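Okay, structure first, notes after.
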Amino acid sequence: MSSDAEYDVDLFVIGAGSGGVRAARMAAAAGARVAIAEDRYLGGTCVNVGCVPKKLYSYAAHFHDSFDDAAGFGWHLDSPATFDWPTLRDNKTSEIKRLNGIYQRMLEGAGVTLFNARARVANAHTVTLTTADGEVNVSAEKILLATGGWPWVPEFPGSDLALNSNQVFDLDTFPKRFLVLGGGYIAVEFASIFNGLGSETHLIYRGDLLLKGFDQEVREFTRDEMAKKGVNLHFSTNIARIEQLPEGSLKVELTTGEILEVDAVLSATGRKANITGLGIESLGIALNDEGKLSVNERYETQVPSILALGDLTAGPELTPVALAEAMQLVDIHFHKKAPRPLDYATIPTAVFCHPNIGTVGLSEEAARDEFPKIRVYRTDFRAMKHTLSGSQERMLMKLIVDDASDVVVGAHMVGEEAGELIQGIAIAVRAGLTKEDFDRTIGIHPTGAEEFVTMRTPSRY
């Protein structure tokens, strides 16, 4: 593409997370002159304090169950298994540094200019970089905001003693007693992780049931399975105050009056758009009622030369969504293609609690609101593995079908490797396959997955 000599670059990206890096690389591949600024770490939330370290810790936590399950298959440990927190923590850090290096090499290989600096928007076509040597201005035809989200901690007496989800990965010592505040997927995942690693774990949530927005049956099933694994669930309550005791532990008073003594408190109460110091307010760009930046189908804010994507904007706060949006943005602005909005209704997701959750499409409740009549197929069972392991863990699988068209509009699972399994089911749901298509698909035996194609009788309408 031709470059506009009026500006230093065609695209300046602020934030080198998943969406920002993908947009920068793809725009450069399209012939654009691209620069990107990052003042913290390459790879953003996902690589550094999100998906990657969380999944590594989730893997670590699963070994607890695996060691217990092994006895029924004839395996016996000579001595009780022990867990060393510094080994996990430091190995995780080494892996993240490796990934940081990969991101840097990808940017360099694509010909993107990388600034390790704090960036703010000076005007519609100028970015100001703050470096050790002072401030530098770079002009750009388009500026992309890709700064993601940042953890939010509510204020209450002693709230400064709570950790956020950025900090919890790197604790100096392992908390033998751990408390999580929140009921969303981050809270649920960390409650499962620290419980699996051996902490006495409490989850505190002001609502009456965790994972608001998910399928109701999935929520109830997950609650029961987490409780069976030893997570202490406290619903319809909140933290009133936290006090640090002389020996270093934390005294947590709940709004119910209950007192808990723990070694660490994690506030997993949500994330907010990370726009502090970005300078966009002076241009008339502000957060909407949802706490996000409003963009049109071209990812343009109220100032057309300033774009935004990912966790800054509406939609699921998921890495693959930011990547898909980045690809679309580049197609629109640098390949001059017509906008093709993403289908946000069929985006699959997983919650890496124990057991895992995998879901795609509509919940039963949402489907009832959308269609005059639906059919629900569901089953729950003990996996074949646990007939010998002795574990009482159960698995839930569920299909939601529009009765008139026979199209499968939702699929949900709670169980081991649900995230891995639901990815394939998501293709079918995205393609609009019918329940008959599922029925005519031959199952793989013996697997839990075959249940998705062998449920024949509706559980309810």
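Each chain in the structure tokens gets a letter, A, B and so on, in the order shown; residues start at 1 in every chain, and ligands are counted from 1 in the order they appear.
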Closest atom pairs, residues of range 166-221 of chain A within 7 Å of range 264-279 of chain A, only C-alpha atoms, as a Markdown table:
| residue | atom | partner | partner_atom | distance |
| --- | --- | --- | --- | --- |
| A:Pro175 | CA | A:Ala264 | CA | 6.0 |
| A:Arg177 | CA | A:Ala264 | CA | 6.9 |
| A:Phe178 | CA | A:Ala264 | CA | 5.2 |
| A:Leu179 | CA | A:Val265 | CA | 4.8 |
| A:Val180 | CA | A:Leu266 | CA | 4.8 |
| A:Leu181 | CA | A:Ser267 | CA | 4.9 |
| A:Gly182 | CA | A:Thr269 | CA | 4.9 |
| A:Ile186 | CA | A:Ala268 | CA | 6.1 |
| A:Ala187 | CA | A:Ala268 | CA | 5.1 |
Residue neighbourhood Glu317 in chain A, 10 Å, only C-alpha atoms, exclusion window fewer than 4 positions, as a PyMOL selection string: chain A and resi 148-149+271+310-313+321-322
Where in range 225-327 of chain A does DSSP assign helix (DSSP H, G or I), given as an NGL selection string? :A and (225-228 or 281-283 or 310-312 or 319-327)
Write out as a VMD selection string the residues lying within 12 Å of range 236-250 of chain A, counting only C-alpha atoms and excluding same-chain residues fewer than 3 positions away. chain A and resid 153 to 163 173 175 to 183 202 to 210 233 253 to 267 269
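Those residues of range 341-384 of chain A that DSSP, working from the backbone, places in strand (DSSP E) are A:Thr349, A:Ala350, A:Val351, A:Ile357, A:Gly358, A:Thr359, A:Val360, A:Gly361, A:Ile374, A:Arg375, A:Val376, A:Tyr377, A:Arg378, A:Thr379, A:Asp380, A:Phe381, A:Arg382.
Of the residues under consideration (A:Ile306, A:Ala81, A:Leu99, A:Leu342), A:Ile306 shows the shortest atom-to-atom contact distance to Ser294 in chain A when counting only C-alpha atoms.
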List as an mmCIF file with C-alpha atoms, in the first residue's frame the protein and nucleic acid residues near range 397-407 of chain A, meaning an atom at most 6 Å away when only C-alpha atoms are counted, but skip any in the same chain fewer than 4 places from it.
data_model
loop_
_atom_site.group_PDB
_atom_site.id
_atom_site.type_symbol
_atom_site.label_atom_id
_atom_site.label_comp_id
_atom_site.auth_asym_id
_atom_site.auth_seq_id
_atom_site.Cartn_x
_atom_site.Cartn_y
_atom_site.Cartn_z
ATOM 1 C CA LYS A 373 -40.009 -23.809 22.082
ATOM 2 C CA ILE A 374 -36.745 -25.583 22.786
ATOM 3 C CA ARG A 375 -35.599 -29.103 23.575
ATOM 4 C CA VAL A 376 -32.987 -29.715 26.235
ATOM 5 C CA TYR A 377 -30.833 -32.840 26.184
ATOM 6 C CA ARG A 378 -28.662 -33.387 29.223
ATOM 7 C CA THR A 379 -26.796 -36.120 31.023
ATOM 8 C CA ALA A 411 -23.707 -26.768 24.110
ATOM 9 C CA HIS A 412 -22.365 -26.929 27.638
ATOM 10 C CA MET A 413 -20.077 -29.226 29.580
ATOM 11 C CA LEU A 433 -25.801 -28.060 12.528
ATOM 12 C CA THR A 434 -29.001 -29.735 13.645
ATOM 13 C CA LYS A 435 -29.660 -32.266 16.362
#
With a distance cut-off of 10 Å and only C-alpha atoms, select the neighbouring residues of range 120-127 of chain A, excluding the residue or stretch itself and same-chain residues fewer than 4 positions from it, and output the selection as number ranges by chain. A: 7-14, 37, 136-143, 145, 275-283, 303-306
Take CA of Gln392 in chain A and CA of Ile425 in chain A and report the distance between them in Å, one decimal. 25.9 Å
Atom pair CA of Pro348 in chain A + CA of Gln423 in chain A, distance 6.8 Å
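With only C-alpha atoms taken into account, the protein and nucleic acid residues at most 9 Å from Phe352 in chain A (excluding it and anything under 2 positions from it in its own chain) are Lys54, Lys55, Ser58, Tyr185, Ile186, Val188, Glu189, Phe190, Ser192, Ile193, Ala350, His354, Pro355, Asn356, Ile357, Gly358, Glu417, Ala418 and Gly419 of chain A.
Relative to CA of Ala35 in chain A, CA of Phe115 in chain A is found at 7.5 Å.
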Which is closer to Gly15 in chain A than all the others in A:Val47, A:Leu287, A:Ile36, A:Ile332, using only C-alpha atoms? A:Ile36
